[in-house]
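Below: the structure, in structure tokens.
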Amino acid sequence: MARLQNKLTSAAAKAAPPGKHSDGAGLWLYKREDGGAQWVLRYTIYSKRHEMGLGRFPDITLREAREEADKWRAVVRGGKDAIKERDRQRTVAQRNQNILADVAHDAFESRKAELKGDGKAGRWFSPLELHVLPKLGKMPVSEIDQRDIRDTFTPIWHDKADTARKAMNRLSIVMRHAAALGLDVDLQATVKAKALLGKQRHTPKHIPAMAWQDVPAFYQSLAGGTPTELALRLLILTAVRSFPLRNIHLDQIDGDIWTIPAEAMKGRKGATTDFRVPLSQEALSVIEESKPFARDGFLFSGVRKGVISDATMSRFMERRGLVERPHGFRSSFRDWVAETTNTPFDVAETALGHTVGGSVERAYRRTDFLEQRRALMERWSTMCSRTQKSEILRFDAG
């Protein structure tokens, strides 16, 4: 390598005419007729001369160009091709930037529109945040293989089977997202990890549901007029999930129709339309009775702020000595429909807010069976609220 001579000065570099101007030891300034200029390092390795671009002038100053040239001359002295080594370092740097944590957050942001409340409750991301990212979050996503995933999931695979299943599902989505970004990932890594982990020993526990025959007695025992009791009554009468019920807003009610926003409906993947709930006369009476407790338009407001929590209704039932939970009333309703009515399957499932049929079938079927559901919910309401003293169960005061 030629001896450093530092022929140029900053002023000379700026004033130099079009052409190639040497600063010494292989560093050159190439100036074009259009006024553009570029620093170039010439070097020879394996008997072959190379020209390596170091950046534009004056964006890269003379001093910076000399420092950059010094760095790559040292690489060449070490027996490496400077251009290839720079490419390798850039690849490593790019790969390191795409760590699993960053890709996971990007995947979450991309899916927010599909999640209830834009995923603000954190339930989609929390399995990753709690059980995957602490161990794999800083790893380049392209380097993660089935052994890494197996080691991460081993502590929870059997003992927290449901959580592990959700976390594995989320990780699989993140890996597919990484592939869509053009990253080199193993899309089968989660599948192979499951094979290494083996079949889970856990048996899923279903949410306890009250027998539909016992629902009228419980419903009629909710006579205290508290917000919690009123919320439970409306939950039972409408057979909806807890989240939309607890967040019901007076603006969502028009006559005897309650319209739940699409983003509040779980289990309707890809749904872009709101869900209409027909309100029975009993349900309308419960709503009227609840209005004095409303705050900021929310029918079931919390004690201090927001709305009542799901735990509030669950704890109420616990204090009554019951093992059943609020969500179980949906099963109670569905069993009643199946055992005591001849309601078509599509109508019964739609009443629960479930998506029925494939995408093509749904594209052609525009109805939400509102009138049929209206009659069904009125019958359910009558069954729940009618007085049957001989059948009423006794509950301890809560």
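In the structure tokens, the first chain shown is A, the next is B, and so on; residue numbers restart at 1 for each chain, and ligands run from 1 in the order shown.
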
Checklist entry - If you count only C-alpha atoms, which residues fall within 10 Å of A:Asp59, apart from same-chain ones fewer than 5 positions away, as a list in words? => result Ala37, Gln38, Glu64 and Ala65 of chain A

Item to check | stretch 50-253 of chain A: residues DSSP assigns to helix (DSSP H, G or I), reported as a PyMOL selection string | outcome: chain A and resi 62-77+82-97+100-114+116-119+126-131+133-136+141-143+146-153+161-180+189-197+212-221+227-238+242-246+250-252

Writer output for current selection, C-alpha atoms, as a compact mmCIF listing (two decimals), in the first residue's frame:
# COMPACT_ATOMS: atom_id res chain seq x y z
CA LEU A 62 -12.08 14.98 3.75
CA ARG A 63 -11.32 14.09 7.35
CA GLU A 64 -14.13 11.50 7.49
CA ALA A 65 -13.03 10.00 4.17
CA ARG A 66 -9.48 9.57 5.48
CA GLU A 67 -10.73 7.87 8.67
CA GLU A 68 -12.96 5.54 6.64
CA ALA A 69 -10.08 4.75 4.29
CA ASP A 70 -7.82 3.94 7.26
CA LYS A 71 -10.41 1.45 8.58
CA TRP A 72 -10.70 -0.46 5.30
CA ARG A 73 -6.96 -0.40 4.60
CA ALA A 74 -6.55 -2.27 7.91
CA VAL A 75 -9.08 -4.86 6.70
CA VAL A 76 -7.12 -5.35 3.50
CA ARG A 77 -3.88 -5.70 5.46
CA ALA A 82 -12.79 -4.74 2.04
CA ILE A 83 -15.93 -4.64 -0.16
CA LYS A 84 -16.97 -8.16 0.76
CA GLU A 85 -16.28 -7.54 4.43
CA ARG A 86 -18.40 -4.38 4.37
CA ASP A 87 -21.25 -6.29 2.73
CA ARG A 88 -20.97 -8.98 5.38
CA GLN A 89 -21.07 -6.45 8.20
CA ARG A 90 -24.10 -4.75 6.70
CA THR A 91 -25.91 -8.10 6.48
CA VAL A 92 -25.12 -8.85 10.12
CA ALA A 93 -26.22 -5.37 11.20
CA GLN A 94 -29.47 -5.66 9.28
CA ARG A 95 -30.13 -9.09 10.74
CA ASN A 96 -29.46 -7.84 14.25
CA GLN A 97 -31.91 -4.99 13.77
CA LEU A 100 -37.80 -10.98 17.56
CA ALA A 101 -39.05 -8.28 19.93
CA ASP A 102 -39.14 -5.68 17.15
CA VAL A 103 -40.83 -8.02 14.69
CA ALA A 104 -43.36 -9.07 17.34
CA HIS A 105 -44.33 -5.47 18.03
CA ASP A 106 -44.61 -4.79 14.31
CA ALA A 107 -46.84 -7.85 13.87
CA PHE A 108 -49.00 -6.68 16.76
CA GLU A 109 -49.39 -3.23 15.21
CA SER A 110 -50.39 -4.82 11.91
CA ARG A 111 -53.10 -6.92 13.57
CA LYS A 112 -54.58 -4.29 15.87
CA ALA A 113 -57.47 -3.54 13.52
CA GLU A 114 -58.59 -7.18 13.84
CA LYS A 116 -61.15 -6.10 20.07
CA GLY A 117 -60.58 -2.51 21.12
CA ASP A 118 -57.45 -2.37 18.91
CA GLY A 119 -55.77 -4.79 21.31
CA SER A 126 -49.25 -10.58 26.71
CA PRO A 127 -48.48 -14.32 26.12
CA LEU A 128 -45.50 -13.25 24.01
CA GLU A 129 -44.47 -10.50 26.39
CA LEU A 130 -44.57 -12.73 29.45
CA HIS A 131 -43.31 -16.08 28.19
CA LEU A 133 -39.73 -12.25 24.60
CA PRO A 134 -37.84 -12.42 27.92
CA LYS A 135 -35.85 -15.36 26.50
CA LEU A 136 -35.94 -14.88 22.72
CA VAL A 141 -35.57 -13.68 14.19
CA SER A 142 -33.69 -15.38 11.34
CA GLU A 143 -31.57 -17.34 13.86
CA GLN A 146 -37.06 -25.21 16.99
CA ARG A 147 -34.56 -25.93 19.76
CA ASP A 148 -34.66 -22.31 20.94
CA ILE A 149 -38.46 -22.43 20.95
CA ARG A 150 -38.54 -25.80 22.73
CA ASP A 151 -36.25 -24.55 25.50
CA THR A 152 -38.41 -21.44 25.92
CA PHE A 153 -41.68 -23.35 26.19
CA ALA A 161 -50.90 -25.56 28.72
CA ASP A 162 -53.52 -23.06 27.60
CA THR A 163 -51.13 -20.14 28.01
CA ALA A 164 -48.41 -22.07 26.16
CA ARG A 165 -50.81 -22.82 23.31
CA LYS A 166 -51.69 -19.14 22.95
CA ALA A 167 -48.05 -18.06 23.12
CA MET A 168 -47.04 -20.64 20.49
CA ASN A 169 -49.86 -19.45 18.23
CA ARG A 170 -48.74 -15.83 18.57
CA LEU A 171 -45.11 -16.79 17.90
CA SER A 172 -46.16 -18.62 14.74
CA ILE A 173 -47.96 -15.47 13.56
CA VAL A 174 -44.86 -13.38 14.27
CA MET A 175 -42.67 -15.79 12.28
CA ARG A 176 -45.05 -15.56 9.32
CA HIS A 177 -44.97 -11.77 9.65
CA ALA A 178 -41.17 -11.88 9.54
CA ALA A 179 -41.32 -13.94 6.34
CA ALA A 180 -43.71 -11.40 4.83
CA ALA A 189 -39.85 -23.82 13.53
CA THR A 190 -42.94 -23.72 15.77
CA VAL A 191 -44.31 -26.94 14.25
CA LYS A 192 -41.01 -28.72 14.83
CA ALA A 193 -40.81 -27.29 18.35
CA LYS A 194 -44.22 -28.80 19.14
CA ALA A 195 -42.94 -32.17 17.95
CA LEU A 196 -39.97 -31.85 20.31
CA LEU A 197 -42.16 -30.78 23.23
CA TRP A 212 -80.74 -23.73 31.96
CA GLN A 213 -83.43 -25.14 34.26
CA ASP A 214 -81.80 -23.26 37.18
CA VAL A 215 -81.41 -19.94 35.37
CA PRO A 216 -84.95 -18.61 36.15
CA ALA A 217 -84.39 -19.07 39.88
CA PHE A 218 -81.06 -17.29 39.79
CA TYR A 219 -82.39 -14.55 37.54
CA GLN A 220 -85.32 -13.85 39.84
CA SER A 221 -82.99 -13.76 42.86
CA PRO A 227 -75.58 -2.22 39.05
CA THR A 228 -73.96 -5.65 39.33
CA GLU A 229 -77.28 -7.44 39.59
CA LEU A 230 -78.75 -5.40 36.75
CA ALA A 231 -75.71 -6.16 34.58
CA LEU A 232 -76.06 -9.88 35.29
CA ARG A 233 -79.75 -9.77 34.43
CA LEU A 234 -79.08 -8.09 31.08
CA LEU A 235 -76.17 -10.47 30.43
CA ILE A 236 -78.49 -13.43 30.90
CA LEU A 237 -81.33 -11.96 28.82
CA THR A 238 -79.13 -11.07 25.82
CA SER A 242 -69.15 -9.83 29.15
CA PHE A 243 -67.08 -7.20 27.32
CA PRO A 244 -69.79 -5.66 25.13
CA LEU A 245 -72.32 -5.95 27.98
CA ARG A 246 -70.09 -4.13 30.47
CA LEU A 250 -76.83 4.44 25.68
CA ASP A 251 -75.96 5.67 22.18
CA GLN A 252 -75.85 2.01 21.05

Item to check | Shell of 7 Å around stretch 376-382 of chain A, only C-alpha atoms, local chain residues under 2 positions omitted, as a list in words | outcome: Leu237, Ser280, Glu282, Gln372, Arg373, Arg374, Cys384, Ser385 and Arg386 of chain A

Next on the checklist: Could you check the closest approach to A:Ser331 for each of A:Val347, A:Ile45, A:Leu222, A:Ile207 and tell me which residue wins, using only C-alpha atoms?
Outcome noted: A:Ile207
